[in-house]
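Novice: Starting off with a structure, shown below.
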Amino acid sequence: MKNKIIFVIKYLILSLAAFAIIVIPFWMLIVNSFKPASEARSLSLSLPVKWNIVENYSTVIIEGHLLRGFLNTTILTVCSCLVIVILGSLLSWFIARRKSKITSILYYICISGILIPPAVVATIRILKVLHIYATYPGLILFYSGAMMPFVIFFTTGFIKNIPIELEQAAQIDGASPIGVFFKIIFPLLRPVRLTSIVFVALFIWNDFLYPFYFTNKSNQFTMVLGLYNFIGRFYNQVRWELVFADVIVVSLPLIILYIFAQRNIVAGIMGGATKG
Amino acid sequence: MKNKIKKDKLFLYSLILPSVALIFTFYILPNILNFYYSFTDWNAFSSEINLIGLYNFKALMQDQNVHSNILTTIKYAIMVAVIQNGVAFILALALEKTSKINGFFRTLFFIPVLFSSLAAGFIFKGVYAPEGPLNNFLSLITGREIDFPFLASITFTLFFVALVHSWRYMGIIMLVYIAGLNSVPEELIEAGRVEGASFMRIIKNIKIPLIGPAITYNVTTSLIGALSTLEIVLSVTKGGPAGSTDVLNYTILQNFGYGDYGYTVTISLILFIIICIFAFPLVIFLKKREVEL
């Protein structure tokens, strides 16, 4: 009986908390994005008197260049993830299987790399010298280098727990080192690859800082950068209905992805956590 | 045969080279150059870069703005670390067991993680607005018109911005704590119960010590994440009111806009050093754990 009361009280408190900090903000966001400017001005939580969905959303999608932004962000995230996961697992394998001063130093660098961000202004100089400043290849290479340490950190420990006998057996059967990696190791990395992709993709998709510094043309804008620029236009007389519609469109792709891949995303983060 | 092994090895090195080169070019090199450029007059208006000794550092010593922004950044980071970890830990304790209903609440509290910081900031600019739901709610429960200046108070606004930051990231921290709590052996907790230990005592004497690594990791990463914040301040307050929420990354952004890159880089060097001071113990700690494995 006592346990039952505690159970009820616990979930009552949790529901209240969720209502206050999750439901209300998102309700405000969604309902006001459906209203005309005159109604959204008061930010009330009531349903719209006049529904203005099509006007608001078509305005932000067209004037906020969100289709272009979606395409750009997708290219950036997918390409960076591919480079990071393939090159990163190779390097992790190297670090995990070879005990030397160099691999030890590399590992230290990678651990510090997950904590200390690269210096953004100095990076501009590097990108300019390499003639890839304000280009997508430049941004993808930058993300690959800057986010690689995360993958190395997650993956190296994981590989160390894979018995080396597995590799030796394949080697005796005549597989080349690279064959050993792609036939034996790479398939086994699935869970840790998931963790890496979740972390890296969430970061790149939502990132503002680096695209802000490393792009200079509006056709290069990512969705988040587009959001910032679109809202900058009427910052003084805030048009909440447009701000919120833009926020929703920008956030929607990840929310849809989350609905379909929720189990994988949560497993990815929890997997990374027990490693850390 | 020997030749083949040699060739294989060469091939292997050539596969590893690109990743090492990428890490070097876009992580190590920028941080080294950051040191170098802080001794130069690099700027937007001249193509030449000259060494000017300690000039930037002397200017920094006299820049009262930057001094107070350093303090603001550290205050902000500590607030975020405390709130974020406190809330996430309590949520993790409540949702530790895997069940349908707990899964539902975990999902709910995780949603903000999917939003970009910039989007989260714009949402809360609305929540905190004078006409926004928070003030309306306060008016409703107190029965009179409340118009609390959440985003216009020199004393409190930094705290309310820190709340947004914590809101945005608490979902991830919560999951890390849940993963930690789930790794605590059930027998230990059972043994504690048999000995008659109270709920709080089990948390304090069994759970917290055993999830030490998760706590270290979470506190450090949330401190560092908050130290290098930009988007939330940019979207909620733009550093205001009266510069009271002006954090270092925002100062850097503004100085970058003025075109004095040498000085901008010097400010970012300060941020780099502060982050290193917080990060260093964790790097050693993580490496040690790695050895134990």
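For the structure tokens, the naming scheme is as follows: chains receive sequential letters (A, B, ...) according to their order of presentation, residues are indexed from 1 within each chain, and ligands are indexed from 1 in presentation order.
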Range 15-190 of chain A: which residues are alpha helix (DSSP H) by DSSP, as a ChimeraX atom specification?
Specialist: /A:15-18,24-33,37-40,53-63,66-97,101-113,120-129,136-160,165-172,177-180,186-188,190
Novice: Determine, using only C-alpha atoms, which residues of range 58-96 of chain A have any atom at most 10 Å from an atom of range 148-167 of chain A, and tabulate each with its shortest atom pair and distance in Å to one decimal place, rows ordered by chain and then rising number, as CSV.
Specialist:
```
residue,atom,partner,partner_atom,distance
A:Ser80,CA,A:Met148,CA,9.6
A:Cys81,CA,A:Met148,CA,9.4
A:Val83,CA,A:Met148,CA,9.0
A:Ile84,CA,A:Met148,CA,5.6
A:Val85,CA,A:Val151,CA,7.0
A:Ile86,CA,A:Val151,CA,9.9
A:Leu87,CA,A:Met148,CA,8.4
A:Gly88,CA,A:Ile152,CA,5.8
A:Ser89,CA,A:Thr155,CA,6.5
A:Leu90,CA,A:Ile152,CA,9.1
A:Leu91,CA,A:Ile152,CA,7.2
A:Ser92,CA,A:Thr156,CA,4.7
A:Trp93,CA,A:Thr156,CA,6.5
A:Phe94,CA,A:Thr156,CA,8.6
A:Ile95,CA,A:Thr156,CA,6.8
A:Ala96,CA,A:Thr156,CA,5.4
```
Novice: Got time to write the residues from that selection, N, CA and C atoms, as a PDB file, in the first residue's frame?
Specialist:
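Saved to part_13.pdb:
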```
ATOM      1  N   SER A  80      30.557  14.031 -43.666  1.00  0.00           N
ATOM      2  CA  SER A  80      31.472  14.055 -42.528  1.00  0.00           C
ATOM      3  C   SER A  80      31.404  12.745 -41.762  1.00  0.00           C
ATOM      4  N   CYS A  81      30.194  12.232 -41.549  1.00  0.00           N
ATOM      5  CA  CYS A  81      30.038  10.970 -40.814  1.00  0.00           C
ATOM      6  C   CYS A  81      30.760   9.839 -41.529  1.00  0.00           C
ATOM      7  N   VAL A  83      33.351   9.961 -43.656  1.00  0.00           N
ATOM      8  CA  VAL A  83      34.812  10.101 -43.533  1.00  0.00           C
ATOM      9  C   VAL A  83      35.257   9.735 -42.118  1.00  0.00           C
ATOM     10  N   ILE A  84      34.544  10.281 -41.136  1.00  0.00           N
ATOM     11  CA  ILE A  84      34.947  10.074 -39.748  1.00  0.00           C
ATOM     12  C   ILE A  84      34.872   8.599 -39.364  1.00  0.00           C
ATOM     13  N   VAL A  85      33.791   7.941 -39.738  1.00  0.00           N
ATOM     14  CA  VAL A  85      33.601   6.555 -39.291  1.00  0.00           C
ATOM     15  C   VAL A  85      34.610   5.624 -39.957  1.00  0.00           C
ATOM     16  N   ILE A  86      34.825   5.791 -41.263  1.00  0.00           N
ATOM     17  CA  ILE A  86      35.741   4.873 -41.954  1.00  0.00           C
ATOM     18  C   ILE A  86      37.189   5.137 -41.538  1.00  0.00           C
ATOM     19  N   LEU A  87      37.634   6.384 -41.669  1.00  0.00           N
ATOM     20  CA  LEU A  87      39.027   6.679 -41.326  1.00  0.00           C
ATOM     21  C   LEU A  87      39.263   6.521 -39.827  1.00  0.00           C
ATOM     22  N   GLY A  88      38.273   6.920 -39.038  1.00  0.00           N
ATOM     23  CA  GLY A  88      38.419   6.858 -37.579  1.00  0.00           C
ATOM     24  C   GLY A  88      38.536   5.433 -37.073  1.00  0.00           C
ATOM     25  N   SER A  89      37.745   4.493 -37.626  1.00  0.00           N
ATOM     26  CA  SER A  89      37.861   3.124 -37.109  1.00  0.00           C
ATOM     27  C   SER A  89      39.197   2.500 -37.519  1.00  0.00           C
ATOM     28  N   LEU A  90      39.694   2.859 -38.702  1.00  0.00           N
ATOM     29  CA  LEU A  90      41.024   2.368 -39.100  1.00  0.00           C
ATOM     30  C   LEU A  90      42.094   2.821 -38.112  1.00  0.00           C
ATOM     31  N   LEU A  91      42.048   4.115 -37.788  1.00  0.00           N
ATOM     32  CA  LEU A  91      43.061   4.639 -36.876  1.00  0.00           C
ATOM     33  C   LEU A  91      42.900   4.030 -35.477  1.00  0.00           C
ATOM     34  N   SER A  92      41.662   3.829 -35.055  1.00  0.00           N
ATOM     35  CA  SER A  92      41.427   3.217 -33.745  1.00  0.00           C
ATOM     36  C   SER A  92      42.025   1.817 -33.692  1.00  0.00           C
ATOM     37  N   TRP A  93      41.835   1.104 -34.777  1.00  0.00           N
ATOM     38  CA  TRP A  93      42.360  -0.259 -34.858  1.00  0.00           C
ATOM     39  C   TRP A  93      43.878  -0.236 -34.712  1.00  0.00           C
ATOM     40  N   PHE A  94      44.490   0.714 -35.413  1.00  0.00           N
ATOM     41  CA  PHE A  94      45.940   0.877 -35.339  1.00  0.00           C
ATOM     42  C   PHE A  94      46.376   1.178 -33.905  1.00  0.00           C
ATOM     43  N   ILE A  95      45.679   2.131 -33.269  1.00  0.00           N
ATOM     44  CA  ILE A  95      46.051   2.517 -31.897  1.00  0.00           C
ATOM     45  C   ILE A  95      45.820   1.346 -30.939  1.00  0.00           C
ATOM     46  N   ALA A  96      44.722   0.625 -31.128  1.00  0.00           N
ATOM     47  CA  ALA A  96      44.378  -0.452 -30.196  1.00  0.00           C
ATOM     48  C   ALA A  96      45.347  -1.621 -30.292  1.00  0.00           C
TER      49      ALA A  96
END
```
Novice: With only C-alpha atoms as the counted atoms, please give the residues lying no more than 12 Å from Ser58 in chain A, apart from itself and same-chain residues fewer than 6 positions off, as a list in words.
Specialist: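 Near neighbours after the sequence-gap exclusion: Ser33, Phe34, Asn52, Gly64, His65, Leu66, Leu67, Leu242, Ala245, Asp246 and Val249 of chain A.
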Novice: Which one is closest to Arg97 in chain A: A:Thr195, A:Gly145, A:Pro177, A:Leu225? Count only C-alpha atoms.
Specialist: A:Pro177
Novice: Given the choices B:Ala44, B:Ala152, B:Leu210, B:Val176, which gets closest to chain A if the distance is worked out from only C-alpha atoms?
Specialist: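 Residue with the minimum atom-to-atom distance to chain A: B:Val176.
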Novice: Residues of chain A were defined as contacting chain B if any atom lay at most 6 Å from it, counting only C-alpha atoms; please report them as an NGL selection string.
Specialist: :A and (42-43 or 87 or 91 or 118-119 or 122-123 or 142 or 145-146 or 206 or 247 or 251 or 270 or 273)
Novice: Write to file, as a compact mmCIF listing (two decimals), in the first residue's frame, the residues of the selection just made, with N, CA and C atoms.
Specialist:
```txt
# COMPACT_ATOMS: atom_id res chain seq x y z
N SER A 42 0.73 38.06 -28.77
CA SER A 42 0.49 37.92 -27.33
C SER A 42 1.01 36.60 -26.77
N LEU A 43 1.57 35.73 -27.63
CA LEU A 43 2.18 34.47 -27.21
C LEU A 43 1.27 33.61 -26.33
N LEU A 87 37.63 6.38 -41.67
CA LEU A 87 39.03 6.68 -41.33
C LEU A 87 39.26 6.52 -39.83
N LEU A 91 42.05 4.11 -37.79
CA LEU A 91 43.06 4.64 -36.88
C LEU A 91 42.90 4.03 -35.48
N PRO A 118 38.64 22.99 -31.21
CA PRO A 118 39.70 23.63 -32.00
C PRO A 118 39.51 25.14 -32.02
N ALA A 119 40.60 25.87 -32.17
CA ALA A 119 40.53 27.33 -32.17
C ALA A 119 39.96 27.81 -33.49
N ALA A 122 41.81 30.77 -35.76
CA ALA A 122 43.06 30.30 -36.37
C ALA A 122 42.77 29.30 -37.50
N THR A 123 41.68 28.54 -37.34
CA THR A 123 41.34 27.56 -38.38
C THR A 123 41.00 28.25 -39.70
N PHE A 142 37.18 19.83 -42.21
CA PHE A 142 37.33 20.38 -40.87
C PHE A 142 36.57 19.53 -39.84
N GLY A 145 38.29 16.21 -39.16
CA GLY A 145 39.44 16.30 -38.26
C GLY A 145 39.04 16.62 -36.84
N ALA A 146 38.11 17.56 -36.69
CA ALA A 146 37.76 18.04 -35.36
C ALA A 146 36.92 17.02 -34.59
N ASN A 206 23.17 20.19 -35.74
CA ASN A 206 22.70 21.33 -34.94
C ASN A 206 23.73 22.43 -34.79
N VAL A 247 11.80 27.57 -36.47
CA VAL A 247 12.39 26.65 -35.49
C VAL A 247 11.85 25.23 -35.70
N SER A 251 13.99 21.89 -36.89
CA SER A 251 14.16 20.79 -35.95
C SER A 251 13.48 19.51 -36.40
N MET A 270 23.74 5.55 -24.54
CA MET A 270 24.01 4.76 -23.33
C MET A 270 25.28 3.92 -23.52
N ALA A 273 28.14 5.99 -22.93
CA ALA A 273 28.23 6.37 -21.53
C ALA A 273 28.96 5.32 -20.70
```
Novice: Expressed in Å to a single decimal, how great is the separation between CA of Val184 in chain B and CA of Tyr169 in chain B?
Specialist: 23.9 Å
Novice: Compare B:Leu248, B:Val233, B:Leu227, B:Leu188 by their minimum atom-to-atom distance to Tyr76 in chain B, counting only C-alpha atoms, and give me the closest one.
Specialist: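 Closest candidate: B:Leu227.
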